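**Student:** This one is query.cif, mmCIF, C-alpha atoms.
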```cif
data_query
#
loop_
_atom_site.label_atom_id
_atom_site.label_comp_id
_atom_site.auth_asym_id
_atom_site.auth_seq_id
_atom_site.Cartn_x
_atom_site.Cartn_y
_atom_site.Cartn_z
CA MET L 214 77.97 -33.96 -9.81
CA ASN L 215 76.22 -32.55 -6.73
CA PHE L 216 74.30 -29.39 -7.68
CA THR L 217 72.63 -28.91 -4.28
CA GLY L 218 75.90 -28.95 -2.35
CA SER L 219 74.50 -31.48 0.15
CA ASN L 220 78.04 -32.72 0.85
CA LYS L 221 78.86 -29.39 2.53
CA THR L 222 78.39 -28.77 6.23
CA LEU L 223 74.86 -27.51 6.99
CA ILE L 224 74.63 -24.92 9.78
CA LEU L 225 71.31 -24.09 11.45
CA VAL L 226 71.02 -20.33 11.99
CA HIS L 227 68.75 -18.92 14.71
CA ARG L 228 68.56 -15.72 16.74
CA ALA L 229 70.08 -17.15 19.94
CA MET L 230 73.05 -18.87 18.26
CA ASP L 231 76.65 -18.24 19.27
CA LYS L 232 79.17 -16.68 16.92
CA VAL L 233 80.88 -19.04 14.50
CA ARG L 234 84.19 -19.32 12.68
CA VAL L 235 83.84 -20.55 9.11
CA SER L 236 86.90 -20.93 6.88
CA SER L 237 85.44 -23.23 4.20
CA ASP L 238 82.27 -23.30 2.11
CA VAL L 239 79.12 -24.22 4.03
CA ASN L 240 75.36 -24.29 3.58
CA VAL L 241 73.00 -22.45 5.92
CA MET L 242 69.46 -23.28 7.02
CA LEU L 243 67.32 -20.47 8.46
CA THR L 244 64.67 -20.89 11.13
CA PRO L 245 61.22 -19.23 10.83
CA GLN L 246 62.69 -16.23 12.66
CA PHE L 247 64.05 -15.11 9.27
CA TYR L 248 61.07 -15.62 6.98
CA THR L 249 57.29 -15.33 6.79
CA LEU L 250 55.23 -18.32 5.65
CA LYS L 251 51.84 -18.72 4.00
CA LYS L 252 50.12 -21.82 2.61
CA GLN L 253 47.24 -21.35 0.19
CA PRO L 254 45.52 -23.29 -2.60
CA LEU L 255 45.56 -21.38 -5.89
CA PRO L 256 44.20 -22.22 -9.36
CA VAL L 257 47.63 -21.98 -11.05
CA ARG L 258 49.80 -24.71 -12.54
CA TYR L 259 53.30 -23.32 -12.44
CA ALA L 260 55.53 -21.87 -9.72
CA TYR L 261 56.39 -18.75 -11.74
CA GLU L 262 52.67 -17.95 -11.95
CA ALA L 263 52.23 -18.40 -8.20
CA LYS L 264 55.33 -16.31 -7.53
CA ARG L 265 53.82 -13.31 -9.31
CA ILE L 266 50.91 -13.44 -6.87
CA ALA L 267 53.14 -13.73 -3.78
CA PRO L 268 53.49 -9.97 -3.03
CA SER L 269 49.70 -9.61 -2.91
CA LEU L 270 49.34 -12.54 -0.49
CA PHE L 271 51.73 -10.93 2.01
CA GLU L 272 50.03 -7.52 1.86
CA GLY L 273 50.10 -6.08 5.39
CA LEU L 274 52.15 -8.97 6.82
CA LEU L 275 55.65 -7.69 6.05
CA GLU L 276 57.59 -4.77 7.44
CA GLU L 277 57.04 -1.57 5.50
CA GLY L 278 59.98 -0.08 3.63
CA LYS L 279 61.82 -3.41 3.30
CA SER L 280 62.57 -5.27 0.07
CA TYR L 281 61.45 -8.91 0.00
CA ASP L 282 62.14 -11.90 -2.19
CA TYR L 283 59.93 -14.97 -2.43
CA MET L 284 60.32 -18.74 -2.69
CA VAL L 285 57.35 -20.79 -3.89
CA TRP L 286 56.71 -24.52 -4.22
CA LYS L 287 53.77 -26.94 -4.38
CA GLU L 288 52.76 -29.32 -1.59
CA GLU L 289 49.83 -31.54 -2.58
CA GLU L 290 46.88 -29.13 -3.07
CA ASP L 291 48.57 -26.10 -1.48
CA TRP L 292 51.17 -23.64 -2.69
CA VAL L 293 53.79 -22.75 -0.07
CA PHE L 294 55.01 -19.12 -0.06
CA LEU L 295 58.10 -17.85 1.79
CA ALA L 296 58.93 -14.15 2.03
CA TYR L 297 62.41 -13.16 3.18
CA ASN L 298 64.67 -10.10 3.30
CA LEU L 299 68.18 -10.89 2.04
CA GLU L 300 69.72 -7.69 3.42
CA MET L 301 68.54 -8.50 6.93
CA ILE L 302 69.71 -12.11 6.64
CA ALA L 303 73.14 -11.07 5.33
CA ALA L 304 73.58 -8.54 8.13
CA PHE L 305 72.76 -11.15 10.79
CA LEU L 306 75.11 -13.71 9.26
CA LYS L 307 77.97 -11.19 9.20
CA ASP L 308 77.29 -10.29 12.81
CA LYS L 309 77.56 -13.97 13.78
CA GLY L 310 80.95 -14.34 12.12
CA PHE L 311 80.00 -15.79 8.74
CA VAL L 312 81.99 -14.76 5.67
CA LEU L 313 79.34 -14.39 2.97
CA GLU L 314 81.68 -15.67 0.26
CA HIS L 315 81.86 -19.00 2.14
CA ILE L 316 78.07 -19.51 2.13
CA SER L 317 77.18 -21.72 -0.85
CA LYS L 318 73.42 -21.97 -0.39
CA LEU L 319 70.71 -20.65 1.90
CA PHE L 320 67.85 -22.96 2.83
CA PHE L 321 64.72 -22.56 4.97
CA ALA L 322 63.61 -24.94 7.71
CA GLN L 323 60.16 -25.27 6.13
CA GLN L 324 61.75 -26.97 3.11
CA SER L 325 62.76 -29.90 5.33
CA ALA L 326 59.56 -30.14 7.36
CA ASP L 327 59.39 -33.93 6.94
CA PHE L 328 62.69 -34.37 8.79
CA PHE L 329 61.50 -32.65 11.98
CA VAL L 330 60.07 -35.83 13.52
CA SER L 331 60.83 -34.54 17.04
CA PRO L 332 61.82 -31.18 18.59
CA LEU L 333 65.23 -29.72 17.81
CA PHE L 334 66.58 -27.59 20.66
CA LEU L 335 67.79 -24.04 19.93
CA GLY L 336 69.94 -23.23 22.93
CA SER L 337 68.45 -23.57 26.40
CA ASN L 338 65.21 -21.64 25.88
CA GLU L 339 63.70 -22.50 22.49
CA ALA L 340 62.99 -25.46 20.24
CA LEU L 341 62.20 -25.99 16.58
CA LEU L 342 59.41 -28.41 15.72
CA SER L 343 56.80 -29.30 13.12
CA PHE L 344 53.22 -28.34 14.00
CA ASP L 345 50.59 -29.28 11.39
CA ASP L 346 53.42 -29.56 8.81
CA VAL L 347 54.59 -26.01 9.58
CA ILE L 348 58.00 -25.46 11.22
CA VAL L 349 57.70 -23.17 14.25
CA VAL L 350 59.89 -21.92 17.11
CA VAL L 351 58.42 -22.50 20.60
CA PRO L 352 59.66 -22.05 24.19
CA ARG L 353 61.18 -25.29 25.51
CA VAL L 354 59.13 -25.01 28.70
CA ALA L 355 56.01 -25.50 26.56
CA LEU L 356 57.20 -29.01 25.67
CA GLY L 357 57.20 -30.31 29.22
CA GLU L 358 59.95 -31.99 31.22
CA ASP L 359 59.80 -35.42 29.58
CA ILE L 360 60.51 -34.30 26.04
CA GLY L 361 63.73 -36.28 25.77
CA ASP L 362 66.86 -35.46 23.78
CA SER L 363 67.08 -32.99 20.95
CA LEU L 364 66.76 -34.09 17.35
CA VAL L 365 70.19 -34.42 15.69
CA PHE L 366 70.70 -31.83 12.96
CA ASP L 367 73.04 -32.73 10.08
CA THR L 368 73.35 -32.74 6.28
CA ARG L 369 70.32 -35.03 5.95
CA PHE L 370 68.21 -31.89 6.30
CA THR L 371 69.74 -30.31 3.16
CA PRO L 372 66.90 -29.59 0.64
CA LYS L 373 67.31 -29.96 -3.12
CA LYS L 374 66.63 -26.30 -3.87
CA GLY L 375 68.30 -23.29 -2.24
CA ILE L 376 69.10 -19.65 -2.90
CA THR L 377 72.48 -18.02 -3.41
CA LEU L 378 73.61 -15.24 -1.10
CA GLN L 379 76.29 -13.13 -2.75
CA ASP L 380 77.92 -9.96 -1.58
CA ALA L 381 77.38 -6.88 -3.73
CA TYR L 382 81.09 -5.99 -3.93
CA GLY L 383 82.22 -5.64 -7.54
CA SER L 384 78.81 -6.58 -8.88
CA ILE L 385 76.96 -4.36 -11.31
CA LEU L 386 73.63 -6.03 -10.60
CA THR L 387 72.09 -6.82 -7.22
CA LEU L 388 71.20 -10.40 -6.35
CA SER L 389 67.50 -9.73 -6.95
CA GLN L 390 68.23 -8.22 -10.36
CA THR L 391 70.47 -11.11 -11.34
CA VAL L 392 67.88 -13.68 -10.32
CA MET L 393 65.14 -11.74 -12.08
CA LEU L 394 67.11 -11.46 -15.34
CA SER L 395 68.06 -15.14 -15.24
CA SER L 396 64.42 -16.09 -14.68
CA ILE L 397 63.23 -13.86 -17.51
CA PHE L 398 65.79 -15.18 -20.01
CA GLY L 399 65.16 -18.76 -18.98
CA LEU L 400 61.41 -18.30 -19.21
CA MET L 401 61.70 -16.67 -22.64
CA ALA L 402 63.77 -19.59 -23.92
CA ILE L 403 61.19 -22.07 -22.64
CA ILE L 404 58.32 -20.06 -24.12
CA PHE L 405 59.97 -19.81 -27.55
CA PHE L 406 60.69 -23.55 -27.54
CA ILE L 407 57.17 -24.52 -26.48
CA GLU L 408 55.44 -22.04 -28.77
CA GLY L 409 57.58 -23.10 -31.73
CA SER L 410 56.81 -26.75 -31.11
CA ARG L 411 53.13 -25.94 -30.62
CA TYR L 412 52.79 -23.96 -33.84
CA SER L 413 54.69 -26.63 -35.78
CA GLY L 414 52.42 -29.30 -34.31
CA ASN L 415 49.32 -27.24 -35.02
CA SER L 416 50.33 -26.74 -38.67
CA LYS L 417 50.85 -30.46 -39.22
CA ALA L 418 47.64 -31.33 -37.40
CA ILE L 419 45.66 -28.89 -39.54
CA GLN L 420 47.08 -30.39 -42.76
CA VAL L 421 46.26 -33.95 -41.64
CA GLU L 422 42.74 -32.91 -40.72
CA MET L 423 42.30 -31.19 -44.10
CA ASP L 424 43.45 -34.32 -45.95
CA GLU L 425 40.99 -36.46 -44.00
CA ILE L 426 38.16 -34.05 -44.73
CA VAL L 427 38.92 -34.03 -48.47
CA GLU L 428 39.17 -37.82 -48.55
CA ASN L 429 35.90 -38.38 -46.68
CA TYR L 430 33.99 -35.53 -48.33
CA PRO L 431 35.11 -35.06 -51.95
CA SER L 432 32.58 -32.28 -52.42
CA LEU L 433 34.71 -30.14 -50.15
CA SER L 434 37.83 -30.51 -52.27
CA SER L 435 37.43 -27.22 -54.10
CA LYS L 436 40.11 -24.59 -53.61
CA TYR L 437 37.54 -22.10 -52.30
CA THR L 438 36.37 -24.48 -49.57
CA ARG L 439 39.90 -25.38 -48.55
CA GLU L 440 40.93 -21.74 -48.30
CA SER L 441 37.83 -21.00 -46.20
CA ILE L 442 38.68 -23.76 -43.72
CA VAL L 443 42.33 -22.72 -43.50
CA SER L 444 41.23 -19.11 -43.02
CA LYS L 445 39.05 -20.16 -40.11
CA TYR L 446 41.95 -21.93 -38.43
CA LYS L 447 44.23 -18.96 -38.96
CA THR L 448 41.67 -16.60 -37.43
CA LEU L 449 41.39 -18.76 -34.32
CA ASP L 450 45.17 -19.04 -34.10
CA ARG L 451 45.63 -15.26 -34.38
CA THR L 452 43.09 -14.68 -31.62
CA GLU L 453 44.72 -17.11 -29.22
CA ARG L 454 48.16 -15.75 -30.06
CA LYS L 455 46.99 -12.20 -29.37
CA LYS L 456 45.58 -13.33 -26.00
CA ARG L 457 48.91 -14.89 -25.02
CA GLU L 458 50.86 -11.83 -26.13
CA THR L 459 48.55 -9.54 -24.15
CA ILE L 460 48.87 -11.67 -21.00
CA LYS L 461 52.68 -11.61 -21.31
CA THR L 462 52.62 -7.83 -21.69
CA LEU L 463 50.39 -7.39 -18.62
CA ALA L 464 52.60 -9.77 -16.63
CA GLY L 465 55.55 -7.49 -17.44
CA MET L 466 53.68 -4.63 -15.76
CA ILE L 467 53.64 -6.51 -12.44
CA PHE L 468 56.76 -5.81 -10.40
CA LYS L 469 57.60 -4.88 -6.81
CA GLY L 470 55.07 -2.40 -5.51
CA VAL L 471 52.41 -3.32 -8.09
CA THR L 472 49.36 -5.53 -7.47
CA LEU L 473 46.98 -6.79 -10.14
CA THR L 474 43.61 -6.51 -8.36
CA SER L 475 41.32 -7.59 -11.23
CA PHE L 476 41.55 -8.92 -14.78
CA GLU L 477 38.96 -9.84 -17.43
CA MET L 478 39.42 -11.06 -21.01
CA ASN L 479 37.23 -12.43 -23.81
CA ASP L 480 37.75 -12.92 -27.55
CA GLU L 481 37.34 -9.21 -28.29
CA LYS L 482 38.80 -7.17 -25.44
CA PHE L 483 40.36 -7.16 -21.98
CA SER L 484 40.48 -4.97 -18.89
CA ALA L 485 42.87 -4.88 -15.93
CA HIS L 486 43.12 -2.95 -12.67
CA PHE L 487 46.54 -2.24 -11.11
CA SER L 488 47.27 -0.86 -7.63
CA SER L 489 50.59 0.87 -6.95
CA LYS L 490 52.19 1.43 -3.53
CA ASP L 491 53.31 5.00 -4.28
CA ALA L 492 53.47 7.73 -6.92
CA GLU L 493 56.82 6.61 -8.34
CA VAL L 494 55.61 3.06 -8.99
CA PHE L 495 52.31 4.41 -10.38
CA LYS L 496 54.24 6.59 -12.83
CA LYS L 497 56.16 3.58 -14.12
CA VAL L 498 53.01 1.48 -14.55
CA LYS L 499 51.32 4.34 -16.39
CA ALA L 500 54.32 4.71 -18.69
CA LEU L 501 54.22 0.99 -19.55
CA ALA L 502 50.49 1.23 -20.30
CA LYS L 503 51.09 4.20 -22.58
CA LYS L 504 53.98 2.44 -24.33
CA ASN L 505 51.71 -0.50 -25.17
CA ASN L 506 48.91 1.81 -26.38
CA PHE L 507 46.45 0.65 -23.75
CA LYS L 508 43.45 2.82 -23.00
CA MET L 509 43.83 4.27 -19.47
CA LEU L 510 40.85 4.99 -17.24
CA SER L 511 40.63 6.83 -13.94
CA ALA L 512 40.31 4.76 -10.76
CA ALA L 513 38.84 5.45 -7.33
CA LYS L 514 42.19 5.33 -5.50
CA GLU L 515 45.00 7.79 -6.16
CA HIS L 516 47.66 5.30 -7.29
CA ASP L 517 45.33 2.83 -9.03
CA LEU L 518 45.14 2.46 -12.80
CA LYS L 519 42.52 0.80 -14.98
CA ILE L 520 43.41 -0.13 -18.55
CA GLU L 521 41.48 -1.56 -21.48
CA GLY L 522 42.41 -2.89 -24.89
CA THR L 523 41.10 -4.80 -27.89
CA LEU L 524 42.32 -8.14 -29.21
#
```
Write the structure described by the file as structure tokens, please.

**Tutor:**
Amino acid sequence: MNFTGSNKTLILVHRAMDKVRVSSDVNVMLTPQFYTLKKQPLPVRYAYEAKRIAPSLFEGLLEEGKSYDYMVWKEEEDWVFLAYNLEMIAAFLKDKGFVLEHISKLFFAQQSADFFVSPLFLGSNEALLSFDDVIVVVPRVALGEDIGDSLVFDTRFTPKKGITLQDAYGSILTLSQTVMLSSIFGLMAIIFFIEGSRYSGNSKAIQVEMDEIVENYPSLSSKYTRESIVSKYKTLDRTERKKRETIKTLAGMIFKGVTLTSFEMNDEKFSAHFSSKDAEVFKKVKALAKKNNFKMLSAAKEHDLKIEGTL
């Protein structure tokens, strides 16, 4: 079974392209004219963690008043971030003759950077090429007269991971909401599975360690001593569990328009500083803080909020 749809025709979409006629399902690859790229090393392990930071990284780089989605993946030591506006992309595709229902997947040229071994011509004036492992659009005149033939573009360029572009007709939820809910439910399932396995493993490990201690040190076999050791483990487990629960709660307070500017936590308490883009977003963040019984402090900026709490 082919989940990426790489057997479908792959069409390269750029600003200067002619109108098309599409009557069957196709995949689409977008040039850098339709997204903004950043590469940056970050001390995070997972893509979902990096994705939460993405809006802050593009602060001031994206058009105001537009709604953006983000794609994130790891390349060696760097995280690659792509910001794109689905409404703008959909409007352009419609204008060029695409029927949105016939578009199976959307891909970005940067995802196939390794395949751009030579320039790929975009009409008579521009070319697509890889420069320091970043796909860029340049004027063809900048390449000189002896550049040769254009790179052949076909289904070999189809990446493994793409995004789905669906029309909003008849849909209760928008594409962003659907993706967000799917991610949340999937993440919750993974968390419950991992946490359950971890706690089960911890319980067995503690019992084995207790048995070894009693066997090697008979003087510690009294019920009082055993209960004291178990109590110590339980205290540590409760503390770490509370930390994880607090981090999950704070992560839920980060959404579009909200930036986490600072965060500190130790075994006793935590503090966090949120910045909101406007009064409406600030009101929602404040309501979430109140709902979770966090202590709210005044901040220097109008739509900023500092919160504190104990563990």

**Student:** List the residues selected by the PyMOL selection byres ((chain L and resi 286-302) around 9) in the file shown, writing them as a PyMOL selection string.

**Tutor:** chain L and resi 243+247-255+259-260+263-264+267-268+270-271+275+279-285+303-307+321+323+378+388

**Student:** Do you have, as a Markdown table, the list of residues of stretch 261-329 of chain L lying at most 8 Å from stretch 342-365 of chain L, each with its nearest atom pair and that distance in Å to one decimal, counting all atoms listed in the file and ordered by chain then number?

**Tutor:**
```
| residue | atom | partner | partner_atom | distance |
| --- | --- | --- | --- | --- |
| L:Ala322 | CA | L:Ile348 | CA | 6.6 |
| L:Gln323 | CA | L:Ile348 | CA | 5.5 |
| L:Ala326 | CA | L:Ile348 | CA | 6.3 |
| L:Asp327 | CA | L:Asp346 | CA | 7.6 |
| L:Phe329 | CA | L:Ser343 | CA | 5.9 |
```

**Student:** Apply the PyMOL selection byres ((chain L and resi 457-471) around 8) to the structure shown and report the selected residues as an mmCIF file with C-alpha atoms, in the frame of the given file.

**Tutor:**
```
data_model
loop_
_atom_site.group_PDB
_atom_site.id
_atom_site.type_symbol
_atom_site.label_atom_id
_atom_site.label_comp_id
_atom_site.auth_asym_id
_atom_site.auth_seq_id
_atom_site.Cartn_x
_atom_site.Cartn_y
_atom_site.Cartn_z
ATOM 1 C CA ARG L 265 53.820 -13.310 -9.310
ATOM 2 C CA PRO L 268 53.490 -9.970 -3.030
ATOM 3 C CA GLU L 453 44.720 -17.110 -29.220
ATOM 4 C CA ARG L 454 48.160 -15.750 -30.060
ATOM 5 C CA LYS L 455 46.990 -12.200 -29.370
ATOM 6 C CA LYS L 456 45.580 -13.330 -26.000
ATOM 7 C CA THR L 472 49.360 -5.530 -7.470
ATOM 8 C CA LEU L 473 46.980 -6.790 -10.140
ATOM 9 C CA PHE L 487 46.540 -2.240 -11.110
ATOM 10 C CA SER L 488 47.270 -0.860 -7.630
ATOM 11 C CA SER L 489 50.590 0.870 -6.950
ATOM 12 C CA LYS L 490 52.190 1.430 -3.530
ATOM 13 C CA ASP L 491 53.310 5.000 -4.280
ATOM 14 C CA VAL L 494 55.610 3.060 -8.990
ATOM 15 C CA VAL L 498 53.010 1.480 -14.550
ATOM 16 C CA LEU L 501 54.220 0.990 -19.550
#
```

**Student:** Would you please work out which residue, of L:Glu339, L:Asp308, L:Asp517, L:Glu314, is nearest to L:Thr377 when using all atoms listed in the file?

**Tutor:**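 The closest residue to L:Thr377 is L:Glu314.
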
**Student:** Could you spell out the hits of the PyMOL selection byres ((chain L and resi 223) around 12) on the shown file, as a ChimeraX atom specification?

**Tutor:** /L:217-222,224-226,235,237-243,316-322,366-372

**Student:** Would you mind exporting the chosen residues as a short mmCIF file (atom, residue, chain, number, x, y, z; two decimals), keeping the file's coordinate frame, restricted to C-alpha atoms?

**Tutor:**
```cif
data_model
loop_
_atom_site.label_atom_id
_atom_site.label_comp_id
_atom_site.auth_asym_id
_atom_site.auth_seq_id
_atom_site.Cartn_x
_atom_site.Cartn_y
_atom_site.Cartn_z
CA THR L 217 72.63 -28.91 -4.28
CA GLY L 218 75.90 -28.95 -2.35
CA SER L 219 74.50 -31.48 0.15
CA ASN L 220 78.04 -32.72 0.85
CA LYS L 221 78.86 -29.39 2.53
CA THR L 222 78.39 -28.77 6.23
CA ILE L 224 74.63 -24.92 9.78
CA LEU L 225 71.31 -24.09 11.45
CA VAL L 226 71.02 -20.33 11.99
CA VAL L 235 83.84 -20.55 9.11
CA SER L 237 85.44 -23.23 4.20
CA ASP L 238 82.27 -23.30 2.11
CA VAL L 239 79.12 -24.22 4.03
CA ASN L 240 75.36 -24.29 3.58
CA VAL L 241 73.00 -22.45 5.92
CA MET L 242 69.46 -23.28 7.02
CA LEU L 243 67.32 -20.47 8.46
CA ILE L 316 78.07 -19.51 2.13
CA SER L 317 77.18 -21.72 -0.85
CA LYS L 318 73.42 -21.97 -0.39
CA LEU L 319 70.71 -20.65 1.90
CA PHE L 320 67.85 -22.96 2.83
CA PHE L 321 64.72 -22.56 4.97
CA ALA L 322 63.61 -24.94 7.71
CA PHE L 366 70.70 -31.83 12.96
CA ASP L 367 73.04 -32.73 10.08
CA THR L 368 73.35 -32.74 6.28
CA ARG L 369 70.32 -35.03 5.95
CA PHE L 370 68.21 -31.89 6.30
CA THR L 371 69.74 -30.31 3.16
CA PRO L 372 66.90 -29.59 0.64
#
```

**Student:** Ranking L:Gln246, L:Gln324, L:Lys499, L:Thr452 by minimum distance to L:Ile376 and counting only C-alpha atoms, which one comes first?

**Tutor:**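 Smallest distance to L:Ile376 is found for L:Gln324.
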
**Student:** What does the structure give for the distance between atom CA of L:Val330 and atom CA of L:Lys374, in Å to one decimal?

**Tutor:**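 Going from atom CA of L:Val330 over to atom CA of L:Lys374 covers 20.9 Å.
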
**Student:** Would you work out the distance separating atom CA of L:Asp480 from atom CA of L:Ile266, expressed in Å to one decimal?

**Tutor:** 24.5 Å

**Student:** Could you check how far atom CA of L:Gly375 sits from atom CA of L:Pro245, in Å to one decimal?

**Tutor:**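 Distance between the two atoms: 15.4 Å.
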
**Student:** If you count only C-alpha atoms, which residues fall within 7 Å of L:Met509, apart from same-chain ones fewer than 4 positions away, as an mmCIF file with C-alpha atoms, in the coordinates of the input?

**Tutor:**
```cif
data_model
loop_
_atom_site.group_PDB
_atom_site.id
_atom_site.type_symbol
_atom_site.label_atom_id
_atom_site.label_comp_id
_atom_site.auth_asym_id
_atom_site.auth_seq_id
_atom_site.Cartn_x
_atom_site.Cartn_y
_atom_site.Cartn_z
ATOM 1 C CA LYS L 519 42.520 0.800 -14.980
ATOM 2 C CA ILE L 520 43.410 -0.130 -18.550
ATOM 3 C CA GLU L 521 41.480 -1.560 -21.480
#
```

**Student:** Taking only C-alpha atoms into account, name the residue in L:Lys309, L:His516, L:Glu272, L:Gly278 that is nearest to L:Lys232.

**Tutor:** L:Lys309
